[in-house]
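Undergrad: Input file: query07.cif. Contents: mmCIF, C-alpha atoms and all ligand atoms.
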data_entry
#
loop_
_atom_site.label_atom_id
_atom_site.label_comp_id
_atom_site.auth_asym_id
_atom_site.auth_seq_id
_atom_site.Cartn_x
_atom_site.Cartn_y
_atom_site.Cartn_z
CA MET K 1109 86.93 111.85 -56.57
CA PRO K 1110 83.67 112.52 -58.45
CA LYS K 1111 84.05 112.98 -62.19
CA GLU K 1112 82.75 116.58 -61.99
CA LEU K 1113 85.86 117.62 -60.09
CA LEU K 1114 88.11 116.15 -62.76
CA VAL K 1115 86.03 117.96 -65.40
CA ASP K 1116 86.60 121.17 -63.41
CA LYS K 1117 90.32 120.50 -63.32
CA LEU K 1118 90.47 119.91 -67.09
CA ALA K 1119 88.39 123.05 -67.79
CA ASN K 1120 90.67 125.07 -65.53
CA LEU K 1121 93.73 123.60 -67.28
CA SER K 1122 92.39 124.61 -70.72
CA VAL K 1123 92.02 128.20 -69.51
CA LYS K 1124 95.25 128.54 -67.49
CA ILE K 1125 97.77 126.43 -69.46
CA GLY K 1126 95.93 125.83 -72.77
CA ALA K 1127 94.83 129.29 -73.91
CA ASN K 1128 96.37 131.10 -70.93
CA VAL K 1129 93.48 133.58 -70.91
CA GLN K 1130 94.63 137.10 -70.06
CA GLU K 1131 92.91 139.76 -67.96
CA ASN K 1132 90.34 141.64 -70.09
CA GLN K 1133 90.71 139.34 -73.09
CA VAL K 1134 87.82 138.26 -75.30
CA VAL K 1135 87.54 134.46 -75.34
CA VAL K 1136 85.78 132.26 -77.90
CA VAL K 1137 84.75 128.80 -76.71
CA ASN K 1138 83.95 126.36 -79.53
CA GLY K 1139 81.91 123.56 -78.09
CA SER K 1140 79.81 120.76 -79.47
CA THR K 1141 76.38 120.04 -78.04
CA GLU K 1142 77.81 116.63 -77.08
CA SER K 1143 79.93 118.30 -74.41
CA LYS K 1144 77.66 120.94 -72.83
CA GLU K 1145 78.78 120.17 -69.30
CA ILE K 1146 82.46 120.91 -69.80
CA VAL K 1147 81.84 123.79 -72.23
CA ARG K 1148 79.86 125.61 -69.51
CA LYS K 1149 82.67 124.94 -67.06
CA VAL K 1150 85.27 126.35 -69.48
CA VAL K 1151 83.18 129.50 -69.94
CA GLU K 1152 82.97 130.00 -66.18
CA GLU K 1153 86.69 129.37 -65.68
CA ALA K 1154 87.53 131.85 -68.45
CA TYR K 1155 85.49 134.58 -66.68
CA LYS K 1156 87.14 133.68 -63.39
CA ALA K 1157 90.54 134.10 -65.07
CA GLY K 1158 89.60 137.68 -65.99
CA ALA K 1159 88.10 137.40 -69.48
CA LYS K 1160 85.96 140.44 -70.22
CA LYS K 1161 83.67 138.62 -72.66
CA VAL K 1162 83.31 134.92 -73.42
CA ILE K 1163 81.52 133.98 -76.64
CA THR K 1164 80.24 130.42 -76.92
CA ASN K 1165 80.25 129.13 -80.46
CA TRP K 1166 78.03 126.03 -80.32
CA ARG K 1167 78.11 123.39 -83.00
CA ASP K 1168 75.83 120.43 -83.42
CA ASP K 1169 77.14 117.70 -85.69
CA TYR K 1170 73.67 116.23 -86.29
CA THR K 1171 72.10 119.42 -87.61
CA SER K 1172 75.28 120.09 -89.62
CA LYS K 1173 74.85 116.66 -91.15
CA TYR K 1174 71.26 117.47 -92.20
CA GLY K 1175 72.61 120.66 -93.76
CA ILE K 1176 74.92 118.65 -96.01
CA GLN K 1177 72.28 116.01 -96.72
CA TYR K 1178 69.42 118.31 -97.73
CA GLN K 1179 70.97 121.52 -99.08
CA THR K 1180 72.00 121.86 -102.69
CA VAL K 1181 75.70 122.35 -103.46
CA GLU K 1182 74.84 125.88 -104.56
CA THR K 1183 73.32 126.77 -101.19
CA LEU K 1184 76.04 124.97 -99.26
CA THR K 1185 78.85 126.81 -100.98
CA ASP K 1186 77.22 130.22 -100.53
CA ILE K 1187 78.83 131.28 -97.22
CA PRO K 1188 76.68 134.02 -95.64
CA GLU K 1189 78.27 137.39 -94.89
CA TYR K 1190 77.17 137.41 -91.24
CA LEU K 1191 79.20 134.26 -90.60
CA ILE K 1192 82.33 135.82 -92.11
CA ASP K 1193 81.70 138.96 -90.04
CA LYS K 1194 81.57 136.86 -86.89
CA PHE K 1195 85.07 135.56 -87.49
CA LYS K 1196 86.26 139.04 -88.48
CA TYR K 1197 85.04 140.21 -85.09
CA PHE K 1198 87.08 137.48 -83.34
CA VAL K 1199 90.19 138.58 -85.23
CA ASP K 1200 89.56 142.31 -84.60
CA LYS K 1201 89.12 141.69 -80.87
CA ASP K 1202 92.24 139.53 -80.74
CA ALA K 1203 90.15 136.82 -79.08
CA CYS K 1204 91.82 133.66 -77.86
CA VAL K 1205 90.05 130.41 -78.73
CA ILE K 1206 89.34 127.31 -76.65
CA SER K 1207 87.87 124.39 -78.61
CA VAL K 1208 86.21 121.47 -76.88
CA VAL K 1209 85.99 118.60 -79.34
CA SER K 1210 83.75 115.57 -78.95
CA PRO K 1211 83.75 113.69 -82.23
CA ILE K 1212 80.99 111.36 -83.41
CA PRO K 1213 82.81 108.75 -85.50
CA GLY K 1214 80.94 107.52 -88.53
CA LEU K 1215 78.23 110.20 -88.33
CA ASN K 1216 78.81 111.36 -91.90
CA LYS K 1217 78.73 107.86 -93.32
CA GLY K 1218 76.60 107.78 -96.42
CA LEU K 1219 76.84 111.51 -97.15
CA ASP K 1220 77.86 112.48 -100.66
CA PRO K 1221 81.67 112.90 -100.46
CA VAL K 1222 81.67 115.42 -103.32
CA LYS K 1223 79.16 117.60 -101.49
CA LEU K 1224 81.16 117.35 -98.27
CA GLN K 1225 84.28 118.30 -100.17
CA LYS K 1226 82.71 121.30 -101.91
CA ALA K 1227 81.14 122.60 -98.69
CA GLY K 1228 84.50 122.18 -96.92
CA ILE K 1229 86.41 124.06 -99.60
CA ALA K 1230 83.88 126.93 -99.74
CA SER K 1231 83.99 127.52 -96.00
CA SER K 1232 87.80 127.13 -95.87
CA LYS K 1233 88.14 129.75 -98.59
CA ALA K 1234 85.74 132.22 -97.00
CA LEU K 1235 87.41 131.92 -93.60
CA SER K 1236 91.04 131.68 -94.75
CA PHE K 1237 91.85 135.03 -93.08
CA TYR K 1238 90.76 133.59 -89.73
CA ARG K 1239 92.69 130.34 -90.20
CA GLU K 1240 95.87 132.24 -91.10
CA HIS K 1241 95.40 134.43 -88.02
CA MET K 1242 95.09 131.47 -85.66
CA MET K 1243 97.62 129.17 -87.34
CA GLY K 1244 100.12 132.03 -87.34
CA ASN K 1245 99.72 132.16 -83.54
CA ARG K 1246 98.54 135.78 -83.70
CA SER K 1247 96.44 134.89 -80.67
CA GLN K 1248 96.41 131.99 -78.22
CA TRP K 1249 94.36 128.87 -78.93
CA THR K 1250 93.90 125.43 -77.48
CA ILE K 1251 91.96 122.19 -77.95
CA ILE K 1252 90.69 119.77 -75.31
CA ALA K 1253 88.36 116.78 -75.70
CA ALA K 1254 85.21 115.49 -74.03
CA SER K 1255 83.66 112.03 -73.95
CA ASN K 1256 80.32 111.18 -75.58
CA PRO K 1257 78.37 107.89 -75.93
CA ILE K 1258 78.95 107.21 -79.63
CA TRP K 1259 82.65 107.99 -79.53
CA ALA K 1260 83.02 105.95 -76.31
CA LYS K 1261 81.17 102.92 -77.75
CA LYS K 1262 83.37 103.06 -80.83
CA ILE K 1263 86.46 102.74 -78.62
CA PHE K 1264 84.97 100.28 -76.09
CA PRO K 1265 82.35 98.32 -78.09
CA ASP K 1266 82.02 95.61 -75.43
CA LEU K 1267 81.07 97.91 -72.57
CA GLU K 1268 77.64 99.25 -71.62
CA GLU K 1269 77.16 102.81 -72.82
CA ASP K 1270 77.48 104.48 -69.39
CA GLU K 1271 80.56 102.47 -68.58
CA ALA K 1272 82.15 103.24 -71.94
CA VAL K 1273 81.54 106.99 -71.49
CA GLU K 1274 83.19 106.89 -68.05
CA LYS K 1275 86.08 104.85 -69.36
CA LEU K 1276 86.71 107.34 -72.19
CA TRP K 1277 86.61 110.23 -69.71
CA GLU K 1278 89.23 108.41 -67.64
CA ALA K 1279 91.43 107.97 -70.71
CA ILE K 1280 91.03 111.66 -71.64
CA PHE K 1281 91.93 112.82 -68.12
CA LYS K 1282 94.94 110.53 -68.00
CA ALA K 1283 96.24 111.56 -71.41
CA SER K 1284 95.69 115.23 -70.45
CA ARG K 1285 97.69 114.70 -67.24
CA VAL K 1286 94.73 115.41 -65.00
CA THR K 1287 94.49 113.01 -62.06
CA GLU K 1288 92.66 113.02 -58.74
CA ASP K 1289 95.61 113.94 -56.63
CA ASN K 1290 97.87 115.97 -58.92
CA ASP K 1291 98.30 119.64 -59.70
CA PRO K 1292 97.85 119.54 -63.51
CA ILE K 1293 99.27 123.02 -63.96
CA LYS K 1294 102.51 122.12 -62.20
CA GLU K 1295 102.68 118.85 -64.16
CA TRP K 1296 102.22 120.66 -67.47
CA LYS K 1297 105.03 123.06 -66.65
CA GLU K 1298 107.36 120.08 -66.13
CA HIS K 1299 106.07 118.35 -69.28
CA ASN K 1300 106.66 121.52 -71.32
CA ALA K 1301 110.23 121.70 -70.00
CA ARG K 1302 110.89 118.14 -71.26
CA LEU K 1303 109.47 118.87 -74.71
CA LEU K 1304 111.50 122.09 -74.93
CA LYS K 1305 114.68 120.16 -74.15
CA HIS K 1306 114.15 117.87 -77.18
CA ASN K 1307 113.33 120.88 -79.35
CA LYS K 1308 116.63 122.42 -78.35
CA ILE K 1309 118.71 119.30 -79.11
CA LEU K 1310 117.05 118.91 -82.55
CA ASN K 1311 117.30 122.63 -83.32
CA ASP K 1312 121.02 122.63 -82.50
CA TYR K 1313 121.66 119.81 -84.99
CA GLN K 1314 119.76 121.56 -87.84
CA PHE K 1315 119.54 118.25 -89.73
CA GLU K 1316 119.45 118.47 -93.50
CA SER K 1317 117.33 115.34 -93.73
CA LEU K 1318 115.75 112.54 -91.70
CA HIS K 1319 115.54 108.92 -92.79
CA PHE K 1320 112.73 106.71 -91.43
CA LYS K 1321 112.77 102.93 -91.69
CA ASN K 1322 110.85 99.98 -90.24
CA ASP K 1323 109.83 96.43 -91.10
CA LEU K 1324 106.32 97.41 -92.20
CA GLY K 1325 107.80 98.91 -95.34
CA THR K 1326 108.37 102.51 -94.37
CA ASP K 1327 111.55 103.73 -96.07
CA LEU K 1328 111.28 107.48 -96.33
CA THR K 1329 113.68 110.40 -96.56
CA ILE K 1330 112.46 113.85 -95.57
CA GLN K 1331 114.56 116.93 -96.21
CA LEU K 1332 113.91 119.74 -93.75
CA VAL K 1333 113.68 123.42 -94.69
CA GLU K 1334 116.71 125.63 -94.09
CA ASN K 1335 116.56 127.32 -90.66
CA HIS K 1336 113.76 125.07 -89.52
CA VAL K 1337 112.47 125.27 -85.97
CA TRP K 1338 111.40 122.25 -83.95
CA SER K 1339 108.33 123.10 -81.91
CA GLY K 1340 106.25 121.20 -79.43
CA GLY K 1341 104.69 121.85 -76.09
CA GLN K 1342 104.17 125.50 -75.33
CA GLU K 1343 104.07 128.19 -78.02
CA LYS K 1344 104.39 131.94 -77.92
CA ALA K 1345 101.66 134.08 -79.48
CA THR K 1346 102.62 137.25 -81.38
CA SER K 1347 101.55 139.15 -78.27
CA GLY K 1348 104.21 137.29 -76.29
CA VAL K 1349 101.70 135.24 -74.29
CA ILE K 1350 102.72 131.60 -73.79
CA PHE K 1351 100.06 128.96 -74.49
CA ASN K 1352 99.62 125.22 -75.17
CA PRO K 1353 97.77 124.58 -78.45
CA ASN K 1354 96.90 120.95 -77.72
CA ILE K 1355 95.93 119.14 -74.56
CA PRO K 1356 97.24 116.46 -74.68
CA THR K 1357 100.46 116.90 -76.65
CA GLU K 1358 103.60 114.76 -76.79
CA GLU K 1359 105.15 115.84 -80.08
CA ASN K 1360 108.26 117.59 -81.34
CA PHE K 1361 107.53 118.69 -84.90
CA THR K 1362 109.01 120.71 -87.74
CA MET K 1363 108.67 121.65 -91.43
CA PRO K 1364 109.59 119.28 -94.27
CA LEU K 1365 110.96 120.82 -97.47
CA LYS K 1366 107.94 120.74 -99.79
CA THR K 1367 109.82 119.13 -102.67
CA GLY K 1368 112.26 117.09 -100.56
CA VAL K 1369 110.26 113.99 -99.61
CA ASN K 1370 111.05 110.64 -101.28
CA GLY K 1371 110.11 107.04 -100.60
CA LYS K 1372 107.28 105.12 -99.02
CA VAL K 1373 105.47 105.51 -95.72
CA VAL K 1374 103.10 102.92 -94.25
CA ALA K 1375 100.48 104.23 -91.80
CA THR K 1376 100.18 102.45 -88.46
CA LYS K 1377 96.78 103.79 -87.37
CA PRO K 1378 93.54 104.49 -89.25
CA LEU K 1379 92.83 108.08 -90.25
CA ASP K 1380 89.44 109.67 -89.66
CA TYR K 1381 88.67 112.07 -92.52
CA GLN K 1382 85.28 113.75 -93.06
CA GLY K 1383 83.74 111.18 -90.76
CA ASN K 1384 85.16 108.17 -92.62
CA LEU K 1385 87.98 105.89 -91.48
CA ILE K 1386 90.83 105.30 -93.93
CA GLU K 1387 92.50 102.05 -92.88
CA ASP K 1388 95.71 100.18 -93.72
CA PHE K 1389 97.09 102.71 -96.16
CA TRP K 1390 100.44 103.71 -97.59
CA LEU K 1391 101.75 106.62 -99.63
CA GLU K 1392 104.64 106.85 -102.04
CA PHE K 1393 106.38 110.23 -102.49
CA LYS K 1394 108.51 111.57 -105.29
CA ASP K 1395 110.10 115.01 -104.93
CA GLY K 1396 107.58 115.82 -102.23
CA LYS K 1397 104.44 114.76 -104.07
CA VAL K 1398 102.29 111.70 -103.40
CA VAL K 1399 102.57 109.75 -106.65
CA ASP K 1400 101.04 106.44 -105.56
CA TYR K 1401 98.86 105.20 -102.69
CA ASP K 1402 96.51 102.49 -101.57
CA ALA K 1403 94.15 101.73 -98.67
CA LYS K 1404 92.35 98.54 -97.65
CA GLU K 1405 89.38 100.58 -96.39
CA ASN K 1406 88.00 103.84 -97.83
CA LYS K 1407 90.51 104.38 -100.60
CA LYS K 1408 88.03 106.82 -102.13
CA THR K 1409 88.16 108.97 -98.98
CA LEU K 1410 91.96 108.94 -99.13
CA GLU K 1411 91.67 110.07 -102.73
CA ASN K 1412 89.42 112.98 -101.66
CA LEU K 1413 91.94 113.98 -99.04
CA LEU K 1414 94.80 113.94 -101.57
CA ASN K 1415 92.78 115.83 -104.17
CA PHE K 1416 91.49 118.49 -101.75
CA ASP K 1417 93.75 121.11 -103.33
CA GLU K 1418 97.22 121.59 -104.83
CA GLY K 1419 99.00 121.37 -101.46
CA SER K 1420 97.19 118.37 -100.04
CA ARG K 1421 99.50 115.96 -101.89
CA TYR K 1422 102.55 117.41 -100.15
CA LEU K 1423 103.69 117.28 -96.53
CA GLY K 1424 103.41 120.17 -94.10
CA GLU K 1425 104.62 118.57 -90.90
CA VAL K 1426 106.86 115.85 -89.54
CA ALA K 1427 106.46 114.99 -85.86
CA LEU K 1428 108.49 112.74 -83.57
CA ILE K 1429 106.86 110.97 -80.64
CA ALA K 1430 108.40 108.19 -78.62
CA TYR K 1431 106.61 104.86 -79.12
CA ASP K 1432 106.74 104.60 -75.35
CA SER K 1433 104.31 107.54 -74.90
CA PRO K 1434 101.51 107.65 -72.28
CA ILE K 1435 98.84 107.63 -75.00
CA ASN K 1436 100.35 104.70 -76.85
CA ASN K 1437 100.90 102.85 -73.58
CA ALA K 1438 97.20 103.23 -72.78
CA GLY K 1439 96.73 100.83 -75.70
CA ILE K 1440 93.60 102.58 -76.95
CA LEU K 1441 92.87 103.71 -80.48
CA PHE K 1442 90.88 106.93 -79.98
CA PHE K 1443 89.82 107.32 -83.64
CA ASN K 1444 90.70 110.97 -83.16
CA THR K 1445 93.78 112.90 -84.23
CA LEU K 1446 94.15 114.97 -81.06
CA PHE K 1447 94.93 111.75 -79.21
CA ASP K 1448 96.17 109.29 -81.80
CA GLU K 1449 98.66 111.77 -83.26
CA ASN K 1450 100.23 111.92 -79.84
CA ALA K 1451 100.59 108.17 -79.65
CA SER K 1452 103.06 107.87 -82.47
CA CYS K 1453 105.31 109.62 -84.99
CA HIS K 1454 103.19 111.32 -87.63
CA LEU K 1455 103.21 113.29 -90.85
CA ALA K 1456 100.66 115.80 -92.05
CA LEU K 1457 99.47 116.17 -95.61
CA GLY K 1458 98.71 119.80 -96.40
CA ARG K 1459 99.48 123.11 -94.77
CA ALA K 1460 102.71 123.66 -92.86
CA TYR K 1461 103.07 125.83 -89.76
CA PRO K 1462 104.88 129.16 -90.34
CA MET K 1463 106.34 128.94 -86.82
CA ASN K 1464 108.44 125.95 -87.95
CA ILE K 1465 110.79 128.26 -89.83
CA GLN K 1466 112.88 131.02 -88.21
CA GLY K 1467 110.96 134.29 -88.52
CA GLY K 1468 108.19 132.40 -90.35
CA THR K 1469 105.24 134.02 -88.57
CA GLU K 1470 106.44 137.43 -89.84
CA MET K 1471 106.81 136.26 -93.47
CA THR K 1472 104.29 136.59 -96.27
CA LYS K 1473 102.98 133.41 -97.85
CA GLU K 1474 105.18 134.04 -100.91
CA GLU K 1475 108.32 134.38 -98.75
CA LEU K 1476 107.44 131.18 -96.93
CA GLU K 1477 106.83 129.31 -100.18
CA LYS K 1478 110.24 130.34 -101.50
CA ARG K 1479 111.75 128.49 -98.57
CA GLY K 1480 109.83 125.29 -99.16
CA TYR K 1481 106.66 125.89 -97.13
CA ASN K 1482 103.62 123.94 -98.32
CA ASP K 1483 100.34 125.85 -98.50
CA SER K 1484 96.96 124.14 -98.45
CA MET K 1485 93.51 124.61 -96.98
CA SER K 1486 93.76 121.19 -95.38
CA HIS K 1487 96.06 119.70 -92.76
CA SER K 1488 95.60 115.98 -92.09
CA ASP K 1489 97.84 114.12 -89.66
CA PHE K 1490 98.42 110.41 -90.00
CA MET K 1491 100.42 108.07 -87.83
CA PHE K 1492 103.34 105.91 -88.92
CA GLY K 1493 105.36 105.37 -85.73
CA SER K 1494 106.05 101.75 -84.78
CA LYS K 1495 107.90 99.73 -82.19
CA ASP K 1496 110.80 99.14 -84.58
CA LEU K 1497 111.01 102.57 -86.20
CA ASP K 1498 114.54 103.86 -86.65
CA ILE K 1499 115.30 107.48 -87.50
CA VAL K 1500 118.68 108.69 -88.65
CA GLY K 1501 119.40 112.36 -89.19
CA THR K 1502 122.01 113.66 -91.63
CA THR K 1503 123.70 116.94 -90.77
CA LYS K 1504 124.81 119.52 -93.38
CA ASP K 1505 128.37 118.17 -93.27
CA GLY K 1506 127.16 114.62 -93.92
CA LYS K 1507 127.36 113.29 -90.38
CA LYS K 1508 124.77 110.60 -89.50
CA VAL K 1509 123.11 110.77 -86.09
CA GLN K 1510 120.73 108.12 -84.76
CA ILE K 1511 117.68 109.94 -83.38
CA PHE K 1512 115.28 107.02 -82.79
CA LYS K 1513 116.18 103.40 -82.15
CA ASN K 1514 113.31 100.88 -81.86
CA GLY K 1515 110.66 103.57 -81.72
CA ASN K 1516 112.20 105.76 -79.02
CA PHE K 1517 114.50 108.79 -78.73
CA VAL K 1518 118.18 107.97 -78.26
CA ILE K 1519 119.43 111.57 -78.28
ZN ZN K 1601 101.52 117.14 -85.12
ZN ZN K 1602 99.45 118.21 -87.46
#
Please render this file's structure as structure tokens.

TA:
Amino acid sequence: MPKELLVDKLANLSVKIGANVQENQVVVVNGSTESKEIVRKVVEEAYKAGAKKVITNWRDDYTSKYGIQYQTVETLTDIPEYLIDKFKYFVDKDACVISVVSPIPGLNKGLDPVKLQKAGIASSKALSFYREHMMGNRSQWTIIAASNPIWAKKIFPDLEEDEAVEKLWEAIFKASRVTEDNDPIKEWKEHNARLLKHNKILNDYQFESLHFKNDLGTDLTIQLVENHVWSGGQEKATSGVIFNPNIPTEENFTMPLKTGVNGKVVATKPLDYQGNLIEDFWLEFKDGKVVDYDAKENKKTLENLLNFDEGSRYLGEVALIAYDSPINNAGILFFNTLFDENASCHLALGRAYPMNIQGGTEMTKEELEKRGYNDSMSHSDFMFGSKDLDIVGTTKDGKKVQIFKNGNFVI
């Protein structure tokens, strides 16, 4: 089957299962100039699904890079009103959002990290209303990925460029459950049913805490918030429309108690942050806060991540993924969170998801914080799952339940 047909299938999947575009809805498509082909396809599919208006929000990482390189901090942190208005319009129109990501690893190498940080904070602040709208699932949203030469060569350095690009496409299709002879929509319905089953088992236990241990040195206890909700797979927007935020996704995740994390966690995959790779790192927590850390590569970048704001030293998410997952079994490091986070158990530093607490999407930030929700302008996932990871849950009446044995679910 020619690649174009698989691209069509993935574009169709992002519209039908990802955002689940509704008749007469406004749709925003965020697409990088690296992935023009599939972005155009997504736009067409969205119209075919009944969208009344599709707005393409192009981004070009190269010109963005020049912006950071040549503008002064003062200019960079002055977010123009028209840009804020654009996002206000998306919120007002209740637009759903489909993002096509195609990262260029290492592009920002050499840029002033302080400048990057300040620009990031200024734009996060100015657009916080939009982020809260989307993260609170007020409308449907989804993310898919597209191959590009630099990303592909990073993953397959020994292949010719064309070959590497094709190979990465293949890996993306496979991880997204799009194959030549399948019906991806049917497959995703079955996949969602499996994820929902694990959510239900974990929700019924309502564990007070989880204990993670492996031979690499991870020995970490995470208390969960009262009335937490395990999510994963499909979500329900405030409007009642079902959607799938990530394609691919393999995770069941919930909300840690902000001040209830203690011990050490050792990462098992590098973390790409602001275009730099943090490698071989560990974090030590005390009462929820990162109190010590180290990294063999890019420790300074890790420091930036931790110092982003008050909440970026605390956890906002704990996610369980079987070591025996399709993405991990592919044996590829994607250098991208959308994929790598689905290869292995992960934690996120920064903002928690309101949906991970019963009634959370209806609560104010203050109400959420009272219950142990961590607020931050950042949310950075890092992987720590391993072949020998054991997870034991403790229930409110002190009962211990083995959840993972040797990296995989046993409940
Ligand atoms: Zn996650
Ligand atoms: Zn996350």

Undergrad: If you take all atoms listed in the file and a cut-off of 7 Å, which residues of chain K touch ligand ZN 1602 (chain K), and what are their nearest atom pairs and distances in Å to one decimal, in chain and number order, as CSV?

TA:
residue,atom,partner,partner_atom,distance
K:Glu1425,CA,K:ZN1602,ZN,6.2
K:Ala1456,CA,K:ZN1602,ZN,5.3
K:His1487,CA,K:ZN1602,ZN,6.5
K:Ser1488,CA,K:ZN1602,ZN,6.4
K:Asp1489,CA,K:ZN1602,ZN,4.9

Undergrad: For the selection you just gave me, I'd like the residues written to a file as an mmCIF file, keeping the file's coordinate frame, keeping C-alpha atoms.

TA:
data_model
loop_
_atom_site.group_PDB
_atom_site.id
_atom_site.type_symbol
_atom_site.label_atom_id
_atom_site.label_comp_id
_atom_site.auth_asym_id
_atom_site.auth_seq_id
_atom_site.Cartn_x
_atom_site.Cartn_y
_atom_site.Cartn_z
ATOM 1 C CA GLU K 1425 104.620 118.570 -90.900
ATOM 2 C CA ALA K 1456 100.660 115.800 -92.050
ATOM 3 C CA HIS K 1487 96.060 119.700 -92.760
ATOM 4 C CA SER K 1488 95.600 115.980 -92.090
ATOM 5 C CA ASP K 1489 97.840 114.120 -89.660
#

Undergrad: Counting all atoms listed in the file, which of K:Phe1195, K:Asn1128, K:Ala1254, K:Leu1476 gets nearest to Ser1140 (chain K)?

TA: K:Ala1254

Undergrad: When you draw a straight line from CA of Val1181 (chain K) to CA of Lys1223 (chain K), how long is it in Å?

TA: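 Atom-to-atom, CA of Val1181 (chain K) to CA of Lys1223 (chain K), that is 6.2 Å.
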
Undergrad: In Å, how far is it from CA of Lys1124 (chain K) to CA of Val1147 (chain K)?

TA: 15.0 Å

Undergrad: Smallest atom-to-atom distance to ligand ZN 1601 (chain K): which of K:Asn1256, K:Asn1360, K:Asn1370, K:Ser1347, using only C-alpha atoms and all ligand atoms?

TA: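 The answer is K:Asn1360, which sits nearest to ligand ZN 1601 (chain K).
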
Undergrad: State, in Å with one decimal place, the distance from CA of Arg1459 (chain K) to CA of Glu1411 (chain K).

TA: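 Result for CA of Arg1459 (chain K) versus CA of Glu1411 (chain K): 17.2 Å, one decimal.
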
Undergrad: Residues within 10 Å of ligand ZN 1601 (chain K) (only C-alpha atoms and all ligand atoms), as JSON, numbers by chain?

TA: {"K": [1339, 1340, 1354, 1357, 1358, 1359, 1360, 1361, 1362, 1424, 1425, 1426, 1427, 1428, 1429, 1445, 1446, 1449, 1450, 1452, 1453, 1454, 1455, 1456, 1461, 1487, 1488, 1489, 1490, 1491]}

Undergrad: Can you tell me, as a list in words, what residues are no more than 9 Å from Gln1314 (chain K) when counting only C-alpha atoms, ignoring any on the same chain fewer than 6 positions away?

TA: Leu1332, Glu1334, Asn1335, His1336, Val1337, Thr1503 and Lys1504 of chain K

Undergrad: For each of K:Asn1311, K:Asn1516, K:Asn1437, K:Asn1132, take the minimum atom-to-atom distance to Val1162 (chain K), counting all atoms listed in the file, then give the residue where this is smallest.

TA: K:Asn1132

Undergrad: Of the candidates K:Glu1278, K:Ala1301, K:Ile1293, K:Lys1262, which shows the shortest atom-to-atom distance to Leu1441 (chain K), using only C-alpha atoms?

TA: K:Lys1262

Undergrad: From the set K:Phe1447, K:Phe1320, K:Tyr1170, K:Trp1338, which residue has the shortest atom-to-atom contact distance to Leu1379 (chain K), counting all atoms listed in the file?

TA: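 Going through K:Phe1447, K:Phe1320, K:Tyr1170, K:Trp1338 one by one, the smallest distance to Leu1379 (chain K) is for K:Phe1447.
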
Undergrad: Nearest residue to Asp1417 (chain K) out of K:Ile1229, K:Ala1403, K:Val1518, K:Ile1176, using all atoms listed in the file?

TA: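 Counting all atoms listed in the file, the residue closest to Asp1417 (chain K) is K:Ile1229.
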
Undergrad: I'd like the neighbourhood of Pro1221 (chain K) as a PyMOL selection string, where a residue qualifies if any of its atoms comes within 9 Å (using all atoms listed in the file), though same-chain residues fewer than 3 positions away should be ignored.

TA: chain K and resi 1218+1224-1226+1382+1408-1409+1412

Undergrad: Using all atoms listed in the file, give me every residue within 12 Å of (99.0, 120.0, -62.3) in file coordinates, as a PDB file with C-alpha atoms, in the coordinates of the input.

TA:
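Writing the result to point.pdb gives the following:
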ATOM      1  CA  LEU K1114      88.110 116.150 -62.760  1.00  0.00           C
ATOM      2  CA  LYS K1117      90.320 120.500 -63.320  1.00  0.00           C
ATOM      3  CA  LEU K1118      90.470 119.910 -67.090  1.00  0.00           C
ATOM      4  CA  ASN K1120      90.670 125.070 -65.530  1.00  0.00           C
ATOM      5  CA  LEU K1121      93.730 123.600 -67.280  1.00  0.00           C
ATOM      6  CA  SER K1122      92.390 124.610 -70.720  1.00  0.00           C
ATOM      7  CA  LYS K1124      95.250 128.540 -67.490  1.00  0.00           C
ATOM      8  CA  ILE K1125      97.770 126.430 -69.460  1.00  0.00           C
ATOM      9  CA  PHE K1281      91.930 112.820 -68.120  1.00  0.00           C
ATOM     10  CA  LYS K1282      94.940 110.530 -68.000  1.00  0.00           C
ATOM     11  CA  SER K1284      95.690 115.230 -70.450  1.00  0.00           C
ATOM     12  CA  ARG K1285      97.690 114.700 -67.240  1.00  0.00           C
ATOM     13  CA  VAL K1286      94.730 115.410 -65.000  1.00  0.00           C
ATOM     14  CA  THR K1287      94.490 113.010 -62.060  1.00  0.00           C
ATOM     15  CA  GLU K1288      92.660 113.020 -58.740  1.00  0.00           C
ATOM     16  CA  ASP K1289      95.610 113.940 -56.630  1.00  0.00           C
ATOM     17  CA  ASN K1290      97.870 115.970 -58.920  1.00  0.00           C
ATOM     18  CA  ASP K1291      98.300 119.640 -59.700  1.00  0.00           C
ATOM     19  CA  PRO K1292      97.850 119.540 -63.510  1.00  0.00           C
ATOM     20  CA  ILE K1293      99.270 123.020 -63.960  1.00  0.00           C
ATOM     21  CA  LYS K1294     102.510 122.120 -62.200  1.00  0.00           C
ATOM     22  CA  GLU K1295     102.680 118.850 -64.160  1.00  0.00           C
ATOM     23  CA  TRP K1296     102.220 120.660 -67.470  1.00  0.00           C
ATOM     24  CA  LYS K1297     105.030 123.060 -66.650  1.00  0.00           C
ATOM     25  CA  GLU K1298     107.360 120.080 -66.130  1.00  0.00           C
ATOM     26  CA  HIS K1299     106.070 118.350 -69.280  1.00  0.00           C
ATOM     27  CA  ASN K1300     106.660 121.520 -71.320  1.00  0.00           C
TER      28      ASN K1300
END

Undergrad: Around the point (90.2, 129.6, -91.1) (coordinates from the file), which residues reach within 12 Å if we count all atoms listed in the file? Answer as a list in words.

TA: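 The distance filter leaves exactly Leu1191, Ile1192, Phe1195, Lys1196, Phe1198, Val1199, Gly1228, Ile1229, Ala1230, Ser1231, Ser1232, Lys1233, Ala1234, Leu1235, Ser1236, Phe1237, Tyr1238, Arg1239, Glu1240, His1241, Met1242, Met1243, Gly1244, Arg1459, Ser1484, Met1485, Ser1486 and His1487 of chain K.
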